[in-house]
Amino acid sequence: MHDLVGGVDSSWANATRDRRQEILTMIQRQGKVTIQQLADHFHLSPVSIRKDLEQLEMYTEGQIKRYRGGAVLNPIPLFELDFHVREEELRQEKMAIAEVAAQMVSPGEVVMLSAGTTTTFIARFLAQKGGVTVVTNGINIAAELAGRSQLTVVMIGGLVPEKSYATVGPLAHDYLQRITADIAFIGVAGIDPDVGFTTPYMLEAETYTTMIHTAKKSVVVADHTKLNRRSLSIIAPLLGVNQLIVDNGADTGIVRELQSRGLQLTVASREAEGGETL
């Protein structure tokens, strides 16, 4: 995904980016905004607000739709495929990543799992191992692990966005600040060498940033299609996490670029035990 201000690095660009992220959050929370409402809120001309909405519609993968005089939240965003459909996409690759991730966990540890399909596979491998505490904002993960005799499951409360299995928002943030974990596994929508790790949702980004800060060690798990992509909201800079695990479908050039930036990266393959750490 492109940068919301065209990659211009200046205080003006940062202010514009922050404003557009705030506009998106307003649309997500209210469902609808008008140009006049936004112009009054930000003390800007309707022309400037109209340009903001044009850029948001273009670069948020279908989250919002413009109409004459404002914008609304798209009830069926282009990026939000049905969870079970996404779960089947690149299934073997996600399982390879998950298997390597689960091998990093020792008995007695507290493990954080973000919501997502790859982290769901991690949860299933952890269920086979047992002996750990799983803290998650993934509703489906908590439901799947609930009742397992060898696991302790902690469900993070919060807001559940439409068509989502994740809890996010202030309640999730406040709870996460009260606990700690040995390791956190975070799923992302995009990985860019310059921007870092991203997701389309601002509230989701805030939740996962808090997870990273709370855990002693943070690991991003992502299949190769997430490489060299950007989404709207930044979770962490490239070196803001301890490690990245990808599958062996990753482009070697991109892998080398990430490695050259100092990121510890493990390539997972189901054909081999564990993965290759670069």
# chains A, B, ... in the order shown; residues from 1 in each chain; ligands from 1
$ select_by_dssp --residues "segment 62-206 of chain A" --states "strand (DSSP E or B)" --output "ChimeraX atom specification"
/A:64-67,70-73,110-113,132-136,138,151-155,159,166,168,181-187,190-192,196-199
$ residues_around --residues "Ile191 of chain A" --least-positions-apart "2" --cutoff "9 Å" --atoms "only C-alpha atoms" --output "list in words"
Val188, Ala189, Pro193, Asp194, Val195, Gly196, Phe197, Thr198, Ala222, Lys226, Leu227, Asn228, Arg229, Arg230, Ser231 and Leu238 of chain A
$ select_by_dssp --residues "segment 16-198 of chain A" --states "helix (DSSP H, G or I)" --output "MDAnalysis selection string"
chainID A and resid 16:30 35:42 46:59 83:88 91:103 117:129 139:145 170:176
$ closest_atom_pairs --of "segment 143-231 of chain A" --to "segment 21-42 of chain A" --cutoff "12 Å" --atoms "only C-alpha atoms" --output "CSV"
residue,atom,partner,partner_atom,distance
A:Leu159,CA,A:Arg29,CA,10.6
A:Val160,CA,A:Arg29,CA,11.6
A:Pro161,CA,A:Gln28,CA,8.8
A:Glu162,CA,A:Gln28,CA,9.9
A:Gly169,CA,A:Arg29,CA,10.8
A:Pro200,CA,A:Leu24,CA,10.1
A:Tyr201,CA,A:Thr25,CA,8.4
A:Met202,CA,A:Thr25,CA,6.9
A:Leu203,CA,A:Thr25,CA,7.9
A:Glu204,CA,A:Thr25,CA,11.1
A:Ala205,CA,A:Gln21,CA,11.6
A:Glu206,CA,A:Thr25,CA,11.8
A:Ser231,CA,A:Gln21,CA,11.6
$ residues_around --residues "segment 123-125 of chain A" --least-positions-apart "5" --cutoff "10 Å" --atoms "only C-alpha atoms" --output "list in words"
Met95, Ala98, Glu99, Val100, Ala101, Ala102, Gln103, Val111, Met112, Leu113, Thr117, Thr118, Gly130, Val134, Thr136, Ile141, Ala142, Glu144 and Leu145 of chain A
$ residues_around --residues "segment 261-264 of chain A" --least-positions-apart "5" --cutoff "12 Å" --atoms "only C-alpha atoms" --output "short mmCIF file (atom, residue, chain, number, x, y, z; two decimals) with N, CA and C atoms, in the first residue's frame"
data_model
loop_
_atom_site.label_atom_id
_atom_site.label_comp_id
_atom_site.auth_asym_id
_atom_site.auth_seq_id
_atom_site.Cartn_x
_atom_site.Cartn_y
_atom_site.Cartn_z
N ILE A 191 4.78 -5.61 5.44
CA ILE A 191 6.14 -5.44 5.95
C ILE A 191 6.91 -4.64 4.91
N ASP A 192 7.38 -3.47 5.29
CA ASP A 192 8.11 -2.60 4.39
C ASP A 192 9.45 -2.23 5.03
N PRO A 193 10.57 -2.34 4.29
CA PRO A 193 11.87 -2.05 4.89
C PRO A 193 11.98 -0.66 5.48
N ASP A 194 11.30 0.31 4.88
CA ASP A 194 11.39 1.69 5.36
C ASP A 194 10.38 2.01 6.46
N VAL A 195 9.16 1.51 6.31
CA VAL A 195 8.08 1.85 7.24
C VAL A 195 8.03 0.90 8.43
N GLY A 196 8.23 -0.40 8.18
CA GLY A 196 8.14 -1.40 9.22
C GLY A 196 6.92 -2.28 9.05
N PHE A 197 6.26 -2.61 10.16
CA PHE A 197 5.14 -3.56 10.16
C PHE A 197 3.82 -2.80 10.28
N SER A 218 9.39 -10.13 21.11
CA SER A 218 8.31 -10.00 20.14
C SER A 218 8.73 -10.56 18.79
N VAL A 219 7.84 -11.35 18.19
CA VAL A 219 8.12 -12.02 16.92
C VAL A 219 6.96 -11.77 15.97
N VAL A 220 7.25 -11.21 14.82
CA VAL A 220 6.22 -11.05 13.78
C VAL A 220 6.18 -12.31 12.94
N PRO A 237 8.34 -0.10 13.97
CA PRO A 237 9.38 0.02 12.94
C PRO A 237 10.05 -1.33 12.73
N LEU A 238 10.84 -1.43 11.69
CA LEU A 238 11.45 -2.71 11.31
C LEU A 238 12.24 -3.33 12.45
N LEU A 239 12.99 -2.52 13.17
CA LEU A 239 13.81 -3.05 14.27
C LEU A 239 13.12 -2.88 15.62
N GLY A 240 11.80 -2.66 15.58
CA GLY A 240 11.03 -2.55 16.81
C GLY A 240 10.57 -3.88 17.35
N VAL A 241 10.89 -4.97 16.64
CA VAL A 241 10.59 -6.32 17.11
C VAL A 241 11.89 -7.12 17.12
N ASN A 242 11.87 -8.26 17.79
CA ASN A 242 13.09 -9.06 17.89
C ASN A 242 13.34 -9.96 16.70
N GLN A 243 12.27 -10.39 16.04
CA GLN A 243 12.45 -11.40 14.99
C GLN A 243 11.25 -11.42 14.06
N LEU A 244 11.49 -11.86 12.84
CA LEU A 244 10.43 -12.10 11.85
C LEU A 244 10.54 -13.53 11.37
N ILE A 245 9.41 -14.23 11.30
CA ILE A 245 9.37 -15.58 10.71
C ILE A 245 8.52 -15.51 9.45
N VAL A 246 9.09 -15.93 8.32
CA VAL A 246 8.37 -15.99 7.05
C VAL A 246 8.51 -17.40 6.48
N ILE A 254 14.21 -9.58 -1.21
CA ILE A 254 13.56 -8.87 -0.10
C ILE A 254 14.11 -9.36 1.23
N VAL A 255 14.32 -10.68 1.33
CA VAL A 255 14.89 -11.25 2.56
C VAL A 255 16.25 -10.63 2.84
N ARG A 256 17.09 -10.53 1.81
CA ARG A 256 18.43 -9.95 1.99
C ARG A 256 18.33 -8.48 2.39
N GLU A 276 15.56 -21.71 8.97
CA GLU A 276 16.90 -21.16 8.80
C GLU A 276 16.91 -19.73 9.29
N THR A 277 17.69 -19.44 10.31
CA THR A 277 17.79 -18.09 10.84
C THR A 277 18.91 -17.36 10.13
N LEU A 278 18.57 -16.17 9.62
CA LEU A 278 19.54 -15.39 8.86
C LEU A 278 20.05 -14.22 9.70
#
$ residues_around --residues "Arg66 of chain A" --least-positions-apart "3" --cutoff "8 Å" --atoms "only C-alpha atoms" --output "PDB file with N, CA and C atoms, in the first residue's frame"
ATOM      1  N   LEU A  53     -10.042  12.783   1.883  1.00  0.00           N
ATOM      2  CA  LEU A  53     -10.952  11.659   1.666  1.00  0.00           C
ATOM      3  C   LEU A  53     -10.626  10.913   0.378  1.00  0.00           C
ATOM      4  N   GLU A  54     -10.206  11.651  -0.645  1.00  0.00           N
ATOM      5  CA  GLU A  54      -9.803  11.001  -1.899  1.00  0.00           C
ATOM      6  C   GLU A  54      -8.622  10.075  -1.665  1.00  0.00           C
ATOM      7  N   GLU A  57      -9.709   6.962   0.446  1.00  0.00           N
ATOM      8  CA  GLU A  57     -10.456   5.990  -0.346  1.00  0.00           C
ATOM      9  C   GLU A  57      -9.510   5.178  -1.229  1.00  0.00           C
ATOM     10  N   GLY A  70     -19.253  13.833   1.799  1.00  0.00           N
ATOM     11  CA  GLY A  70     -18.644  13.134   2.922  1.00  0.00           C
ATOM     12  C   GLY A  70     -18.126  11.762   2.567  1.00  0.00           C
ATOM     13  N   ALA A  71     -18.051  10.880   3.577  1.00  0.00           N
ATOM     14  CA  ALA A  71     -17.562   9.514   3.374  1.00  0.00           C
ATOM     15  C   ALA A  71     -18.215   8.601   4.400  1.00  0.00           C
ATOM     16  N   VAL A  72     -18.338   7.332   4.045  1.00  0.00           N
ATOM     17  CA  VAL A  72     -18.935   6.334   4.934  1.00  0.00           C
ATOM     18  C   VAL A  72     -18.007   5.136   5.043  1.00  0.00           C
TER      19      VAL A  72
END
$ residues_around --residues "Glu93 of chain A" --least-positions-apart "2" --cutoff "12 Å" --atoms "only C-alpha atoms" --output "JSON, numbers by chain"
{"A": [87, 88, 89, 90, 91, 95, 96, 97, 98, 99, 100, 117, 118, 121, 221, 222, 223, 224, 225, 245, 246, 247, 248, 249, 250, 267, 268, 269, 270, 271]}
$ closest_residue --among "A:Pro170, A:Gly138, A:Gly108, A:Gly147" --to "Ile183 of chain A" --atoms "only C-alpha atoms"
A:Gly108
$ atom_distance --atom1 "atom CA of Lys94 of chain A" --atom2 "atom CA of Thr120 of chain A"
9.4 Å
$ atom_distance --atom1 "atom CA of Ala184 of chain A" --atom2 "atom CA of Thr133 of chain A"
11.7 Å
$ residues_around --residues "Val110 of chain A" --least-positions-apart "4" --cutoff "10 Å" --atoms "only C-alpha atoms" --output "list of chain:residue names"
A:Val105, A:Ser106, A:Gly131, A:Val132, A:Thr133, A:Val134, A:Val135, A:Thr152, A:Val153, A:Val154, A:Thr180, A:Ala181, A:Asp182, A:Ile183, A:Ala184, A:Ala215
$ atom_distance --atom1 "atom CA of Ala143 of chain A" --atom2 "atom CA of Pro107 of chain A"
21.4 Å
$ closest_residue --among "A:Thr214, A:Gln128, A:Ala115, A:Met104" --to "Tyr165 of chain A" --atoms "only C-alpha atoms"
A:Ala115
$ closest_residue --among "A:Leu56, A:Phe185, A:Leu126, A:Asp251" --to "Leu73 of chain A" --atoms "only C-alpha atoms"
A:Leu56
